[in-house]
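> Okay, handing you the structure first.
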Amino acid sequence: MVQLCGVCCGLLLFSAMIICGLLSGNAVEVIILRAVGGLFGGLLLGMLTGWVGTLIVEENVDAPEGETTGDDDGAAQSEAVAIEVPAQS
């Protein structure tokens with residue numbers, strides 16, 4: 001998941017920077033240099049995002065059934081409540 005997020009974000013930034021560079025009329029060398037920089041920047045940011053997402057998923061998968069994660073001090077735990085509706089005649 002980490003590599004996939006990194007690659008997707010990197011390619012998205014790469015293509016966006018090429019399109020913006022072409023629309024603004026910059027020289028090809030400038031466009032390519034900035035796009036490659038954006039590719040690596042997006043790769044790093046995407047990998048960081050994927051790593052955080054992986055940690056969150058692993059934390060919630062490893063939690064025992066019924067245990068909540070977070071700082072709620074057990075004050076706001078919700079329970080299923082059955083409500084009986086009287087039958088109408």
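By convention here, the chains of the structure tokens are called A, B, ... in the order presented, each chain's residues are numbered starting at 1, and ligands are numbered starting at 1 in the order presented.
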Quick one: residues within 6 Å of A:Gly46, only C-alpha atoms counted, chain neighbours fewer than 2 positions away excluded, as a ChimeraX atom specification?
/A:5-6,9,42-44,48-49
> Write out as a list in words each polymer residue whose atoms come within 6 Å of A:Val2, counting only C-alpha atoms; drop sequence neighbours fewer than 2 positions from it.
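Here the answer would be Leu4, Cys5, Met47, Gly50 and Trp51 of chain A.
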> Save out the residues we just selected, N, CA and C atoms, as a PDB file, in the first residue's frame.

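Okay, this is what ended up in out.pdb:
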ATOM      1  N   LEU A   4       2.221   1.804  -3.581  1.00  0.00           N
ATOM      2  CA  LEU A   4       1.136   2.138  -4.500  1.00  0.00           C
ATOM      3  C   LEU A   4       0.693   3.588  -4.332  1.00  0.00           C
ATOM      4  N   CYS A   5       0.527   4.023  -3.092  1.00  0.00           N
ATOM      5  CA  CYS A   5       0.161   5.426  -2.843  1.00  0.00           C
ATOM      6  C   CYS A   5       1.252   6.369  -3.341  1.00  0.00           C
ATOM      7  N   MET A  47       4.169   8.108  -0.330  1.00  0.00           N
ATOM      8  CA  MET A  47       4.655   7.004   0.498  1.00  0.00           C
ATOM      9  C   MET A  47       4.422   7.291   1.974  1.00  0.00           C
ATOM     10  N   GLY A  50       0.743   6.670   2.521  1.00  0.00           N
ATOM     11  CA  GLY A  50       0.477   5.235   2.525  1.00  0.00           C
ATOM     12  C   GLY A  50       0.967   4.559   3.784  1.00  0.00           C
ATOM     13  N   TRP A  51       2.096   5.019   4.316  1.00  0.00           N
ATOM     14  CA  TRP A  51       2.634   4.445   5.554  1.00  0.00           C
ATOM     15  C   TRP A  51       1.709   4.745   6.729  1.00  0.00           C
TER      16      TRP A  51
END
> Which parts of stretch 1-87 of chain A does DSSP call alpha helix (DSSP H) when run on the backbone here, written out as a ChimeraX atom specification?
/A:2-24,28-62
> Write to file, as a compact mmCIF listing (two decimals), in the first residue's frame, the residues of the selection just made, with C-alpha atoms.

# COMPACT_ATOMS: atom_id res chain seq x y z
CA VAL A 2 2.87 2.35 0.73
CA GLN A 3 4.47 1.98 -2.70
CA LEU A 4 1.14 2.14 -4.50
CA CYS A 5 0.16 5.43 -2.84
CA GLY A 6 3.61 6.84 -3.56
CA VAL A 7 3.59 5.90 -7.22
CA CYS A 8 0.05 7.18 -7.79
CA CYS A 9 0.76 10.53 -6.15
CA GLY A 10 4.08 10.88 -7.96
CA LEU A 11 2.58 10.22 -11.38
CA LEU A 12 -0.34 12.51 -10.67
CA LEU A 13 1.99 15.38 -9.79
CA PHE A 14 4.25 14.60 -12.75
CA SER A 15 1.41 14.79 -15.26
CA ALA A 16 -0.14 17.86 -13.61
CA MET A 17 3.17 19.71 -13.69
CA ILE A 18 3.71 18.87 -17.36
CA ILE A 19 0.21 20.10 -18.27
CA CYS A 20 0.59 23.30 -16.23
CA GLY A 21 4.03 23.94 -17.73
CA LEU A 22 2.74 23.52 -21.26
CA LEU A 23 -0.25 25.76 -20.62
CA SER A 24 1.95 28.50 -19.16
CA VAL A 28 10.63 22.16 -22.41
CA GLU A 29 13.76 21.84 -20.25
CA VAL A 30 12.13 23.78 -17.43
CA ILE A 31 8.93 21.74 -17.67
CA ILE A 32 10.76 18.41 -17.54
CA LEU A 33 13.04 19.47 -14.68
CA ARG A 34 10.11 20.69 -12.58
CA ALA A 35 7.99 17.66 -13.47
CA VAL A 36 10.73 15.23 -12.36
CA GLY A 37 11.11 17.18 -9.13
CA GLY A 38 7.34 16.95 -8.63
CA LEU A 39 7.48 13.23 -9.38
CA PHE A 40 9.94 12.58 -6.57
CA GLY A 41 8.18 14.98 -4.21
CA GLY A 42 4.85 13.29 -4.88
CA LEU A 43 6.47 9.89 -4.44
CA LEU A 44 7.76 10.83 -1.00
CA LEU A 45 4.50 12.45 0.13
CA GLY A 46 2.45 9.56 -1.22
CA MET A 47 4.66 7.00 0.50
CA LEU A 48 4.31 8.91 3.77
CA THR A 49 0.53 8.96 3.34
CA GLY A 50 0.48 5.24 2.52
CA TRP A 51 2.63 4.44 5.55
CA VAL A 52 0.30 6.36 7.87
CA GLY A 53 -2.71 4.63 6.30
CA THR A 54 -1.07 1.23 6.77
CA LEU A 55 -0.41 1.98 10.43
CA ILE A 56 -4.03 2.98 10.97
CA VAL A 57 -5.37 -0.15 9.27
CA GLU A 58 -2.99 -2.45 11.15
CA GLU A 59 -3.90 -0.83 14.47
CA ASN A 60 -7.61 -1.33 13.88
CA VAL A 61 -7.25 -4.87 12.54
CA ASP A 62 -5.14 -5.97 15.52
